[in-house]
Protein chains: 2
Amino acid sequence: MALEHILLGILRKPASGYEVKAHFDRVFRHFWAAELSQIYRTLRRLEDEGLLASRAEASAKGPSKRVYQATARGRQRLRHWLTVPEVGDERLTYVSQVYFLAELRDAATTRRFMRALHDHFAARLAELEAIEQGWRQDPRYPDALPDEDFHPQLTLALGLRKLAASVAWADETLARLAARDPDQEADRGDAA
Amino acid sequence: MALEHILLGILRKPASGYEVKAHFDRVFRHFWAAELSQIYRTLRRLEDEGLLASRAEASAKGPSKRVYQATARGRQRLRHWLTVPEVGDERLTYVSQVYFLAELRDAATTRRFMRALHDHFAARLAELEAIEQGWRQDPRYPDALPDEDFHPQLTLALGLRKLAASVAWADETLARLAARDPDQEADRGDAA
DNA sequence: GGGGTCATGTAATGAGTTACATGATTTT
DNA sequence: AAAATCATGTAACTCATTACATGACCCC
């Protein structure tokens with residue numbers, strides 16, 4: 001169960017459920033997603049199990065909030081989870097789609113599909129490159145960073161490599177499709 | 001809902017639930033996983049919805065089986081699903097682990113973690129390369145393949161690229177970790 | 001007769017999403 | 001006065017896993 005451990009990781013520093021959700025949307029989004037409703041439920045369960053502690057706290061704006069933080073046992077649990085990598089099966093819907101794409105028997109739609117995939121990967125790659133640009137302001141980037149920043153940087157490096165691979169694959173695939181179907185009508189928006 | 005559509009894709013040709021499961025374990029495993037119990041349930045639901053039809057059939061060995069096949073509406077549903085790529089959020093547990101790995105404050109365990117990741121990616125890459133070796137026997141490989149094989153080959157090509165990227169990242173990361181922690185005790189099994 | 005594989009399912013549980021409900025405070 | 005943001009939650013549902021239950025047929 002990854003969500004539970006990610007929460008323990010985030011809550012090494014105190015935060016409310018709402019703030020945790022913002023954290024997900026900002027950084028974890030790139031490799032994990034979570035809805036508020038589930039965050040709240042998991043937070044409470046973790047507190048029941050003694051892995052988190054909470055206190056009510058006034059908010060700068062809006063209603064008062066419940067601020068959670070990992071307990072000693074919570075941090076111990078986190079460290080234990082970090083000892084052996086969890087690489088369960090990925091579930092990539094779009095790969096299944098590509099697998100069956102011949103069923104369309106329609107070169108134009110196939111091409112549109114692949115172009116949409118390409119653009120999606122390229123946009124995500126651009127996002128990560130922008131994040132990297134920000135990090136580069138730090139003269140210690142990347143190998144003189146302190147551990148707390150170095151490890152997150154590793155996840156960025158992996159994302160950059162994998163997305164670059166995906167973009168390259170999509171480019172190559174579009175070229176291969178064009179070679180297989182020479183009399184394509186281009187459909188680049190600028191009409192036939 | 002990808003499982004439902006993958007089932008419709010597989011069942012362009014008739015097969016029993018058990019045979020579908022074998023298909024998953026052989027080819028879909030690389031980008032989608034499914035348990036037998038869920039396959040059976042989904043199969044029945046799809047039949048209730050008129051997207052699959054089934055008939056009982058004697059088996060060569062073992063008890064009689066229920067053989068499913070996509071109906072015209074089922075194939076129509078499949079084709080519709082193929083028109084726009086579904087790229088939901090990935091959930092990669094190990095990336096979250098890498099993100100928090102500094103929490104261990106233990107260079108040896110961190111190194112072991114990264115080496116295990118490396119070996120996992122390398123093993124999966126080797127699997128895909130073996131599959132590719134088999135395909136290469138076909139003189140039409142890769143660009144003269146008929147559409148039904150060309151599209152599956154595209155998924156193989158993507159897997160190869162992404163796994164190569166992951167292996168390269170793990171290699172680089174191990175080197176960077178070594179550079180950060182010069183007096184490591186190597187722990188390669190051959191003692192200190 | 002025991003183990004493997006073929007074959008189909010049910011029940012309980014867990015993980016995650018979507019929809020709904022409520023309300024304060026701040027900005028426009 | 002309305003919209004955005006801050007803030008917490010419940011309920012219903014869907015998707016998936018794990019454990020269990022059953023039984024035929026084949027080979028050793």
# chains A, B, ... in the order shown; residues from 1 in each chain; ligands from 1
$ interface_residues --of "chain B" --to "chain C" --cutoff "9 Å" --atoms "only C-alpha atoms (C1' of nucleotides)" --output "JSON, numbers by chain"
{"B": [17, 18, 37, 40, 41, 59, 61, 62, 63, 64, 65, 66]}
$ closest_atom_pairs --of "chain D" --to "chain B" --cutoff "10 Å" --atoms "only C-alpha atoms (C1' of nucleotides)" --output "Markdown table"
| residue | atom | partner | partner_atom | distance |
| --- | --- | --- | --- | --- |
| D:DT14 | C1' | B:Met1 | CA | 9.8 |
| D:DC15 | C1' | B:Met1 | CA | 8.7 |
| D:DA16 | C1' | B:Gln38 | CA | 7.3 |
| D:DT17 | C1' | B:Glu35 | CA | 7.8 |
| D:DG23 | C1' | B:Pro63 | CA | 8.0 |
| D:DA24 | C1' | B:Pro63 | CA | 4.9 |
| D:DC25 | C1' | B:Gly62 | CA | 4.6 |
| D:DC26 | C1' | B:Lys61 | CA | 7.6 |
$ interface_residues --of "chain B" --to "chain A" --cutoff "8 Å" --atoms "only C-alpha atoms" --output "PDB file with N, CA, C and O atoms, in the first residue's frame"
ATOM      1  N   ALA B   2     -10.171  -0.275 -18.816  1.00  0.00           N
ATOM      2  CA  ALA B   2      -9.332  -0.918 -19.816  1.00  0.00           C
ATOM      3  C   ALA B   2      -9.570  -2.423 -19.895  1.00  0.00           C
ATOM      4  O   ALA B   2      -9.634  -2.976 -20.991  1.00  0.00           O
ATOM      5  N   ILE B   6      -9.757  -4.620 -23.277  1.00  0.00           N
ATOM      6  CA  ILE B   6      -8.719  -5.601 -23.617  1.00  0.00           C
ATOM      7  C   ILE B   6      -9.373  -6.956 -23.873  1.00  0.00           C
ATOM      8  O   ILE B   6      -9.019  -7.674 -24.818  1.00  0.00           O
ATOM      9  N   GLY B   9     -10.831  -7.011 -27.156  1.00  0.00           N
ATOM     10  CA  GLY B   9      -9.773  -7.134 -28.149  1.00  0.00           C
ATOM     11  C   GLY B   9      -9.299  -8.574 -28.293  1.00  0.00           C
ATOM     12  O   GLY B   9      -9.193  -9.106 -29.401  1.00  0.00           O
ATOM     13  N   PHE B  28       0.093  -9.688 -22.223  1.00  0.00           N
ATOM     14  CA  PHE B  28      -0.379  -8.430 -21.636  1.00  0.00           C
ATOM     15  C   PHE B  28       0.314  -8.082 -20.339  1.00  0.00           C
ATOM     16  O   PHE B  28       0.381  -6.899 -19.969  1.00  0.00           O
ATOM     17  N   ARG B  29       0.786  -9.113 -19.661  1.00  0.00           N
ATOM     18  CA  ARG B  29       1.564  -8.919 -18.441  1.00  0.00           C
ATOM     19  C   ARG B  29       2.493  -7.698 -18.508  1.00  0.00           C
ATOM     20  O   ARG B  29       2.683  -6.994 -17.521  1.00  0.00           O
ATOM     21  N   HIS B  30       3.074  -7.445 -19.677  1.00  0.00           N
ATOM     22  CA  HIS B  30       4.053  -6.364 -19.777  1.00  0.00           C
ATOM     23  C   HIS B  30       3.444  -4.968 -19.631  1.00  0.00           C
ATOM     24  O   HIS B  30       4.163  -4.017 -19.384  1.00  0.00           O
ATOM     25  N   PHE B  31       2.130  -4.854 -19.780  1.00  0.00           N
ATOM     26  CA  PHE B  31       1.530  -3.535 -19.535  1.00  0.00           C
ATOM     27  C   PHE B  31       0.165  -3.598 -18.865  1.00  0.00           C
ATOM     28  O   PHE B  31      -0.446  -2.560 -18.585  1.00  0.00           O
ATOM     29  N   TRP B  32      -0.320  -4.806 -18.575  1.00  0.00           N
ATOM     30  CA  TRP B  32      -1.590  -4.925 -17.837  1.00  0.00           C
ATOM     31  C   TRP B  32      -1.659  -6.275 -17.144  1.00  0.00           C
ATOM     32  O   TRP B  32      -1.201  -7.279 -17.693  1.00  0.00           O
ATOM     33  N   ALA B  33      -2.232  -6.328 -15.977  1.00  0.00           N
ATOM     34  CA  ALA B  33      -2.365  -7.594 -15.252  1.00  0.00           C
ATOM     35  C   ALA B  33      -3.833  -7.823 -14.921  1.00  0.00           C
ATOM     36  O   ALA B  33      -4.595  -6.874 -14.748  1.00  0.00           O
ATOM     37  N   ARG B  79     -13.576  -0.616 -31.200  1.00  0.00           N
ATOM     38  CA  ARG B  79     -13.077   0.397 -32.142  1.00  0.00           C
ATOM     39  C   ARG B  79     -13.269   1.811 -31.594  1.00  0.00           C
ATOM     40  O   ARG B  79     -12.405   2.666 -31.736  1.00  0.00           O
ATOM     41  N   TRP B  81     -13.246   2.716 -28.509  1.00  0.00           N
ATOM     42  CA  TRP B  81     -12.260   2.904 -27.428  1.00  0.00           C
ATOM     43  C   TRP B  81     -10.879   3.248 -27.999  1.00  0.00           C
ATOM     44  O   TRP B  81     -10.068   3.905 -27.350  1.00  0.00           O
ATOM     45  N   LEU B  82     -10.653   2.813 -29.233  1.00  0.00           N
ATOM     46  CA  LEU B  82      -9.328   3.001 -29.840  1.00  0.00           C
ATOM     47  C   LEU B  82      -9.132   4.388 -30.450  1.00  0.00           C
ATOM     48  O   LEU B  82      -8.057   4.697 -30.953  1.00  0.00           O
ATOM     49  N   THR B  83     -10.167   5.215 -30.423  1.00  0.00           N
ATOM     50  CA  THR B  83     -10.037   6.488 -31.133  1.00  0.00           C
ATOM     51  C   THR B  83      -9.291   7.556 -30.329  1.00  0.00           C
ATOM     52  O   THR B  83      -8.643   8.402 -30.908  1.00  0.00           O
ATOM     53  N   VAL B  84      -9.401   7.513 -28.993  1.00  0.00           N
ATOM     54  CA  VAL B  84      -8.676   8.531 -28.227  1.00  0.00           C
ATOM     55  C   VAL B  84      -7.853   7.900 -27.095  1.00  0.00           C
ATOM     56  O   VAL B  84      -8.368   7.105 -26.318  1.00  0.00           O
ATOM     57  N   PRO B  85      -6.554   8.246 -27.050  1.00  0.00           N
ATOM     58  CA  PRO B  85      -5.646   7.609 -26.091  1.00  0.00           C
ATOM     59  C   PRO B  85      -6.024   7.909 -24.639  1.00  0.00           C
ATOM     60  O   PRO B  85      -6.385   9.041 -24.306  1.00  0.00           O
ATOM     61  N   GLU B  86      -5.954   6.877 -23.823  1.00  0.00           N
ATOM     62  CA  GLU B  86      -6.216   7.030 -22.389  1.00  0.00           C
ATOM     63  C   GLU B  86      -4.902   6.994 -21.636  1.00  0.00           C
ATOM     64  O   GLU B  86      -4.312   5.930 -21.478  1.00  0.00           O
ATOM     65  N   VAL B  87      -4.480   8.158 -21.182  1.00  0.00           N
ATOM     66  CA  VAL B  87      -3.215   8.227 -20.455  1.00  0.00           C
ATOM     67  C   VAL B  87      -3.450   8.743 -19.052  1.00  0.00           C
ATOM     68  O   VAL B  87      -3.120   9.871 -18.726  1.00  0.00           O
ATOM     69  N   GLY B  88      -4.076   7.915 -18.245  1.00  0.00           N
ATOM     70  CA  GLY B  88      -4.321   8.277 -16.847  1.00  0.00           C
ATOM     71  C   GLY B  88      -3.018   8.376 -16.087  1.00  0.00           C
ATOM     72  O   GLY B  88      -1.955   8.085 -16.632  1.00  0.00           O
ATOM     73  N   ASP B  89      -3.101   8.806 -14.833  1.00  0.00           N
ATOM     74  CA  ASP B  89      -1.889   8.925 -14.014  1.00  0.00           C
ATOM     75  C   ASP B  89      -1.291   7.553 -13.767  1.00  0.00           C
ATOM     76  O   ASP B  89      -1.991   6.617 -13.417  1.00  0.00           O
ATOM     77  N   GLU B  90       0.011   7.473 -13.925  1.00  0.00           N
ATOM     78  CA  GLU B  90       0.716   6.254 -13.556  1.00  0.00           C
ATOM     79  C   GLU B  90       0.854   6.209 -12.040  1.00  0.00           C
ATOM     80  O   GLU B  90       0.873   7.237 -11.381  1.00  0.00           O
ATOM     81  N   ARG B  91       0.948   5.000 -11.526  1.00  0.00           N
ATOM     82  CA  ARG B  91       1.221   4.830 -10.096  1.00  0.00           C
ATOM     83  C   ARG B  91       2.437   3.944  -9.939  1.00  0.00           C
ATOM     84  O   ARG B  91       2.351   2.740 -10.051  1.00  0.00           O
ATOM     85  N   LEU B  92       3.579   4.594  -9.717  1.00  0.00           N
ATOM     86  CA  LEU B  92       4.828   3.855  -9.624  1.00  0.00           C
ATOM     87  C   LEU B  92       5.342   3.916  -8.200  1.00  0.00           C
ATOM     88  O   LEU B  92       5.964   4.894  -7.788  1.00  0.00           O
ATOM     89  N   THR B  93       5.058   2.853  -7.480  1.00  0.00           N
ATOM     90  CA  THR B  93       5.436   2.816  -6.066  1.00  0.00           C
ATOM     91  C   THR B  93       6.921   3.080  -5.863  1.00  0.00           C
ATOM     92  O   THR B  93       7.314   3.874  -5.012  1.00  0.00           O
ATOM     93  N   TYR B  94       7.749   2.434  -6.680  1.00  0.00           N
ATOM     94  CA  TYR B  94       9.193   2.547  -6.438  1.00  0.00           C
ATOM     95  C   TYR B  94       9.694   3.978  -6.604  1.00  0.00           C
ATOM     96  O   TYR B  94      10.662   4.372  -5.953  1.00  0.00           O
ATOM     97  N   VAL B  95       9.044   4.773  -7.427  1.00  0.00           N
ATOM     98  CA  VAL B  95       9.478   6.170  -7.580  1.00  0.00           C
ATOM     99  C   VAL B  95       9.218   6.939  -6.278  1.00  0.00           C
ATOM    100  O   VAL B  95      10.055   7.722  -5.833  1.00  0.00           O
ATOM    101  N   SER B  96       8.075   6.683  -5.655  1.00  0.00           N
ATOM    102  CA  SER B  96       7.801   7.302  -4.352  1.00  0.00           C
ATOM    103  C   SER B  96       8.860   6.881  -3.340  1.00  0.00           C
ATOM    104  O   SER B  96       9.291   7.684  -2.507  1.00  0.00           O
ATOM    105  N   GLN B  97       9.260   5.629  -3.429  1.00  0.00           N
ATOM    106  CA  GLN B  97      10.285   5.161  -2.485  1.00  0.00           C
ATOM    107  C   GLN B  97      11.602   5.895  -2.700  1.00  0.00           C
ATOM    108  O   GLN B  97      12.230   6.345  -1.733  1.00  0.00           O
ATOM    109  N   VAL B  98      12.001   6.038  -3.961  1.00  0.00           N
ATOM    110  CA  VAL B  98      13.240   6.751  -4.255  1.00  0.00           C
ATOM    111  C   VAL B  98      13.161   8.186  -3.718  1.00  0.00           C
ATOM    112  O   VAL B  98      14.114   8.699  -3.140  1.00  0.00           O
ATOM    113  N   TYR B  99      11.981   8.787  -3.885  1.00  0.00           N
ATOM    114  CA  TYR B  99      11.788  10.162  -3.436  1.00  0.00           C
ATOM    115  C   TYR B  99      12.139  10.325  -1.954  1.00  0.00           C
ATOM    116  O   TYR B  99      12.717  11.325  -1.551  1.00  0.00           O
ATOM    117  N   PHE B 100      11.757   9.330  -1.169  1.00  0.00           N
ATOM    118  CA  PHE B 100      11.943   9.429   0.290  1.00  0.00           C
ATOM    119  C   PHE B 100      13.196   8.716   0.798  1.00  0.00           C
ATOM    120  O   PHE B 100      13.419   8.647   2.004  1.00  0.00           O
ATOM    121  N   LEU B 101      13.990   8.207  -0.094  1.00  0.00           N
ATOM    122  CA  LEU B 101      15.066   7.297   0.286  1.00  0.00           C
ATOM    123  C   LEU B 101      16.076   7.914   1.259  1.00  0.00           C
ATOM    124  O   LEU B 101      16.708   7.203   2.047  1.00  0.00           O
ATOM    125  N   ALA B 102      16.198   9.241   1.234  1.00  0.00           N
ATOM    126  CA  ALA B 102      17.136   9.917   2.141  1.00  0.00           C
ATOM    127  C   ALA B 102      16.799   9.618   3.598  1.00  0.00           C
ATOM    128  O   ALA B 102      17.680   9.580   4.452  1.00  0.00           O
ATOM    129  N   GLU B 103      15.515   9.368   3.852  1.00  0.00           N
ATOM    130  CA  GLU B 103      15.048   9.095   5.210  1.00  0.00           C
ATOM    131  C   GLU B 103      15.771   7.908   5.853  1.00  0.00           C
ATOM    132  O   GLU B 103      15.877   7.809   7.067  1.00  0.00           O
ATOM    133  N   LEU B 104      16.279   7.019   5.038  1.00  0.00           N
ATOM    134  CA  LEU B 104      16.985   5.852   5.584  1.00  0.00           C
ATOM    135  C   LEU B 104      18.270   6.263   6.294  1.00  0.00           C
ATOM    136  O   LEU B 104      18.672   5.645   7.276  1.00  0.00           O
ATOM    137  N   THR B 109      22.060   0.444   2.529  1.00  0.00           N
ATOM    138  CA  THR B 109      20.704   0.006   2.181  1.00  0.00           C
ATOM    139  C   THR B 109      20.212   0.726   0.936  1.00  0.00           C
ATOM    140  O   THR B 109      19.575   0.136   0.069  1.00  0.00           O
ATOM    141  N   THR B 110      20.529   2.021   0.839  1.00  0.00           N
ATOM    142  CA  THR B 110      20.165   2.792  -0.344  1.00  0.00           C
ATOM    143  C   THR B 110      20.776   2.168  -1.593  1.00  0.00           C
ATOM    144  O   THR B 110      20.106   1.991  -2.608  1.00  0.00           O
ATOM    145  N   PHE B 113      19.042  -1.045  -2.439  1.00  0.00           N
ATOM    146  CA  PHE B 113      17.747  -0.735  -3.039  1.00  0.00           C
ATOM    147  C   PHE B 113      17.918  -0.436  -4.529  1.00  0.00           C
ATOM    148  O   PHE B 113      17.234  -1.012  -5.382  1.00  0.00           O
ATOM    149  N   ALA B 116      18.855  -3.454  -6.574  1.00  0.00           N
ATOM    150  CA  ALA B 116      17.712  -4.346  -6.799  1.00  0.00           C
ATOM    151  C   ALA B 116      16.829  -3.793  -7.916  1.00  0.00           C
ATOM    152  O   ALA B 116      16.360  -4.521  -8.790  1.00  0.00           O
ATOM    153  N   LEU B 117      16.617  -2.479  -7.891  1.00  0.00           N
ATOM    154  CA  LEU B 117      15.827  -1.845  -8.949  1.00  0.00           C
ATOM    155  C   LEU B 117      16.503  -2.073 -10.303  1.00  0.00           C
ATOM    156  O   LEU B 117      15.856  -2.454 -11.282  1.00  0.00           O
ATOM    157  N   ASP B 143       9.242  -3.715 -40.259  1.00  0.00           N
ATOM    158  CA  ASP B 143       8.358  -2.768 -40.938  1.00  0.00           C
ATOM    159  C   ASP B 143       7.505  -3.352 -42.042  1.00  0.00           C
ATOM    160  O   ASP B 143       6.599  -2.698 -42.547  1.00  0.00           O
ATOM    161  N   ASP B 147      -0.417  -5.439 -40.411  1.00  0.00           N
ATOM    162  CA  ASP B 147      -0.912  -4.582 -39.339  1.00  0.00           C
ATOM    163  C   ASP B 147      -1.135  -5.307 -38.008  1.00  0.00           C
ATOM    164  O   ASP B 147      -0.804  -4.787 -36.946  1.00  0.00           O
ATOM    165  N   GLU B 148      -1.716  -6.515 -38.069  1.00  0.00           N
ATOM    166  CA  GLU B 148      -2.033  -7.239 -36.828  1.00  0.00           C
ATOM    167  C   GLU B 148      -0.792  -7.543 -36.008  1.00  0.00           C
ATOM    168  O   GLU B 148      -0.880  -7.756 -34.806  1.00  0.00           O
ATOM    169  N   HIS B 151       1.338  -3.543 -35.001  1.00  0.00           N
ATOM    170  CA  HIS B 151       0.926  -2.775 -33.824  1.00  0.00           C
ATOM    171  C   HIS B 151       1.399  -3.403 -32.515  1.00  0.00           C
ATOM    172  O   HIS B 151       1.951  -2.689 -31.665  1.00  0.00           O
ATOM    173  N   PRO B 152       1.245  -4.710 -32.329  1.00  0.00           N
ATOM    174  CA  PRO B 152       1.892  -5.314 -31.160  1.00  0.00           C
ATOM    175  C   PRO B 152       3.399  -5.034 -31.131  1.00  0.00           C
ATOM    176  O   PRO B 152       3.955  -4.758 -30.068  1.00  0.00           O
ATOM    177  N   GLN B 153       4.043  -5.049 -32.284  1.00  0.00           N
ATOM    178  CA  GLN B 153       5.481  -4.764 -32.315  1.00  0.00           C
ATOM    179  C   GLN B 153       5.773  -3.360 -31.805  1.00  0.00           C
ATOM    180  O   GLN B 153       6.791  -3.134 -31.156  1.00  0.00           O
ATOM    181  N   LEU B 154       4.877  -2.430 -32.067  1.00  0.00           N
ATOM    182  CA  LEU B 154       5.059  -1.064 -31.555  1.00  0.00           C
ATOM    183  C   LEU B 154       5.105  -1.064 -30.026  1.00  0.00           C
ATOM    184  O   LEU B 154       5.893  -0.329 -29.426  1.00  0.00           O
ATOM    185  N   THR B 155       4.260  -1.877 -29.411  1.00  0.00           N
ATOM    186  CA  THR B 155       4.267  -1.911 -27.943  1.00  0.00           C
ATOM    187  C   THR B 155       5.575  -2.505 -27.434  1.00  0.00           C
ATOM    188  O   THR B 155       6.103  -2.066 -26.409  1.00  0.00           O
ATOM    189  N   ALA B 157       8.441  -2.202 -28.986  1.00  0.00           N
ATOM    190  CA  ALA B 157       9.445  -1.157 -29.189  1.00  0.00           C
ATOM    191  C   ALA B 157       9.412  -0.129 -28.049  1.00  0.00           C
ATOM    192  O   ALA B 157      10.461   0.301 -27.557  1.00  0.00           O
ATOM    193  N   LEU B 158       8.201   0.212 -27.608  1.00  0.00           N
ATOM    194  CA  LEU B 158       8.090   1.163 -26.504  1.00  0.00           C
ATOM    195  C   LEU B 158       8.660   0.569 -25.219  1.00  0.00           C
ATOM    196  O   LEU B 158       9.417   1.233 -24.498  1.00  0.00           O
ATOM    197  N   ARG B 161      12.435   0.672 -25.253  1.00  0.00           N
ATOM    198  CA  ARG B 161      12.978   2.019 -25.032  1.00  0.00           C
ATOM    199  C   ARG B 161      12.845   2.453 -23.568  1.00  0.00           C
ATOM    200  O   ARG B 161      13.767   2.997 -22.981  1.00  0.00           O
ATOM    201  N   LYS B 162      11.665   2.215 -23.003  1.00  0.00           N
ATOM    202  CA  LYS B 162      11.456   2.674 -21.632  1.00  0.00           C
ATOM    203  C   LYS B 162      12.325   1.895 -20.648  1.00  0.00           C
ATOM    204  O   LYS B 162      12.873   2.468 -19.705  1.00  0.00           O
ATOM    205  N   ALA B 165      15.840   3.047 -20.853  1.00  0.00           N
ATOM    206  CA  ALA B 165      15.963   4.320 -20.130  1.00  0.00           C
ATOM    207  C   ALA B 165      16.051   4.074 -18.625  1.00  0.00           C
ATOM    208  O   ALA B 165      16.857   4.702 -17.924  1.00  0.00           O
ATOM    209  N   SER B 166      15.240   3.148 -18.128  1.00  0.00           N
ATOM    210  CA  SER B 166      15.238   2.860 -16.690  1.00  0.00           C
ATOM    211  C   SER B 166      16.560   2.246 -16.246  1.00  0.00           C
ATOM    212  O   SER B 166      17.091   2.587 -15.182  1.00  0.00           O
ATOM    213  N   TRP B 169      19.186   4.916 -16.210  1.00  0.00           N
ATOM    214  CA  TRP B 169      19.007   5.763 -15.039  1.00  0.00           C
ATOM    215  C   TRP B 169      19.556   5.085 -13.785  1.00  0.00           C
ATOM    216  O   TRP B 169      20.237   5.711 -12.978  1.00  0.00           O
ATOM    217  N   THR B 173      22.504   6.412 -11.536  1.00  0.00           N
ATOM    218  CA  THR B 173      22.230   6.686 -10.131  1.00  0.00           C
ATOM    219  C   THR B 173      23.219   5.979  -9.224  1.00  0.00           C
ATOM    220  O   THR B 173      23.730   6.566  -8.261  1.00  0.00           O
ATOM    221  N   ARG B 176      26.347   7.893  -9.338  1.00  0.00           N
ATOM    222  CA  ARG B 176      26.256   9.156  -8.597  1.00  0.00           C
ATOM    223  C   ARG B 176      26.297   8.911  -7.087  1.00  0.00           C
ATOM    224  O   ARG B 176      26.890   9.691  -6.340  1.00  0.00           O
ATOM    225  N   ARG B 180      29.042  10.240  -4.291  1.00  0.00           N
ATOM    226  CA  ARG B 180      28.667  10.992  -3.081  1.00  0.00           C
ATOM    227  C   ARG B 180      29.209  10.348  -1.817  1.00  0.00           C
ATOM    228  O   ARG B 180      29.299  10.993  -0.782  1.00  0.00           O
TER     229      ARG B 180
END
$ select_by_dssp --residues "stretch 41-88 of chain B" --states "strand (DSSP E or B)" --output "PyMOL selection string"
chain B and resi 52-57+65-70
$ write_last_selection --atoms "all heavy atoms" --output "short mmCIF file (atom, residue, chain, number, x, y, z; two decimals), in the first residue's frame"
data_model
loop_
_atom_site.label_atom_id
_atom_site.label_comp_id
_atom_site.auth_asym_id
_atom_site.auth_seq_id
_atom_site.Cartn_x
_atom_site.Cartn_y
_atom_site.Cartn_z
N LEU B 52 -20.38 -9.59 -25.69
CA LEU B 52 -19.77 -10.89 -25.91
C LEU B 52 -20.89 -11.92 -26.04
O LEU B 52 -21.98 -11.74 -25.49
CB LEU B 52 -18.89 -11.30 -24.72
CG LEU B 52 -17.58 -10.56 -24.47
CD1 LEU B 52 -16.91 -11.11 -23.22
CD2 LEU B 52 -16.66 -10.67 -25.67
N ALA B 53 -20.62 -13.00 -26.78
CA ALA B 53 -21.53 -14.14 -26.82
C ALA B 53 -20.73 -15.36 -26.41
O ALA B 53 -19.52 -15.43 -26.64
CB ALA B 53 -22.09 -14.32 -28.23
N SER B 54 -21.38 -16.34 -25.79
CA SER B 54 -20.64 -17.53 -25.36
C SER B 54 -21.38 -18.81 -25.70
O SER B 54 -22.59 -18.80 -25.91
CB SER B 54 -20.39 -17.49 -23.86
OG SER B 54 -21.54 -17.89 -23.16
N ARG B 55 -20.64 -19.89 -25.79
CA ARG B 55 -21.24 -21.21 -25.94
C ARG B 55 -20.39 -22.19 -25.14
O ARG B 55 -19.17 -22.01 -24.99
CB ARG B 55 -21.30 -21.60 -27.41
CG ARG B 55 -19.96 -21.56 -28.12
CD ARG B 55 -20.03 -22.05 -29.55
NE ARG B 55 -18.68 -22.34 -30.03
CZ ARG B 55 -17.82 -21.41 -30.44
NH1 ARG B 55 -18.15 -20.14 -30.43
NH2 ARG B 55 -16.61 -21.76 -30.85
N ALA B 56 -21.03 -23.25 -24.62
CA ALA B 56 -20.29 -24.29 -23.92
C ALA B 56 -19.58 -25.14 -24.97
O ALA B 56 -20.07 -25.30 -26.09
CB ALA B 56 -21.23 -25.15 -23.09
N GLU B 57 -18.44 -25.65 -24.62
CA GLU B 57 -17.68 -26.43 -25.58
C GLU B 57 -16.86 -27.47 -24.81
O GLU B 57 -16.33 -27.19 -23.73
CB GLU B 57 -16.74 -25.51 -26.37
CG GLU B 57 -16.16 -26.14 -27.61
CD GLU B 57 -15.38 -25.11 -28.43
OE1 GLU B 57 -16.03 -24.36 -29.22
OE2 GLU B 57 -14.15 -25.03 -28.28
N LYS B 65 -15.70 -26.19 -21.22
CA LYS B 65 -15.42 -24.78 -21.01
C LYS B 65 -16.45 -23.90 -21.71
O LYS B 65 -17.19 -24.35 -22.60
CB LYS B 65 -14.02 -24.45 -21.51
CG LYS B 65 -13.77 -24.85 -22.96
CD LYS B 65 -12.30 -24.67 -23.28
CE LYS B 65 -12.00 -25.13 -24.70
NZ LYS B 65 -10.55 -25.01 -24.99
N ARG B 66 -16.46 -22.65 -21.28
CA ARG B 66 -17.35 -21.67 -21.87
C ARG B 66 -16.52 -20.77 -22.78
O ARG B 66 -15.61 -20.07 -22.32
CB ARG B 66 -18.03 -20.86 -20.78
CG ARG B 66 -18.97 -19.76 -21.28
CD ARG B 66 -20.10 -19.51 -20.30
NE ARG B 66 -20.91 -20.70 -20.18
CZ ARG B 66 -21.94 -20.99 -20.98
NH1 ARG B 66 -22.30 -20.16 -21.93
NH2 ARG B 66 -22.60 -22.12 -20.83
N VAL B 67 -16.81 -20.81 -24.07
CA VAL B 67 -16.00 -20.07 -25.04
C VAL B 67 -16.71 -18.77 -25.43
O VAL B 67 -17.86 -18.80 -25.87
CB VAL B 67 -15.71 -20.93 -26.28
CG1 VAL B 67 -15.04 -20.10 -27.36
CG2 VAL B 67 -14.85 -22.13 -25.90
N TYR B 68 -16.02 -17.68 -25.22
CA TYR B 68 -16.58 -16.35 -25.50
C TYR B 68 -16.04 -15.81 -26.81
O TYR B 68 -14.94 -16.15 -27.24
CB TYR B 68 -16.20 -15.37 -24.40
CG TYR B 68 -16.88 -15.62 -23.09
CD1 TYR B 68 -16.33 -16.50 -22.15
CD2 TYR B 68 -18.08 -14.99 -22.76
CE1 TYR B 68 -16.93 -16.73 -20.93
CE2 TYR B 68 -18.69 -15.21 -21.54
CZ TYR B 68 -18.12 -16.09 -20.64
OH TYR B 68 -18.73 -16.31 -19.44
N GLN B 69 -16.83 -14.93 -27.41
CA GLN B 69 -16.35 -14.21 -28.59
C GLN B 69 -17.08 -12.87 -28.67
O GLN B 69 -18.25 -12.77 -28.29
CB GLN B 69 -16.61 -15.03 -29.86
CG GLN B 69 -16.00 -14.38 -31.10
CD GLN B 69 -15.86 -15.35 -32.26
OE1 GLN B 69 -16.47 -16.42 -32.25
NE2 GLN B 69 -15.08 -14.98 -33.26
N ALA B 70 -16.37 -11.87 -29.17
CA ALA B 70 -16.97 -10.54 -29.27
C ALA B 70 -18.09 -10.54 -30.30
O ALA B 70 -17.98 -11.16 -31.36
CB ALA B 70 -15.90 -9.52 -29.65
#
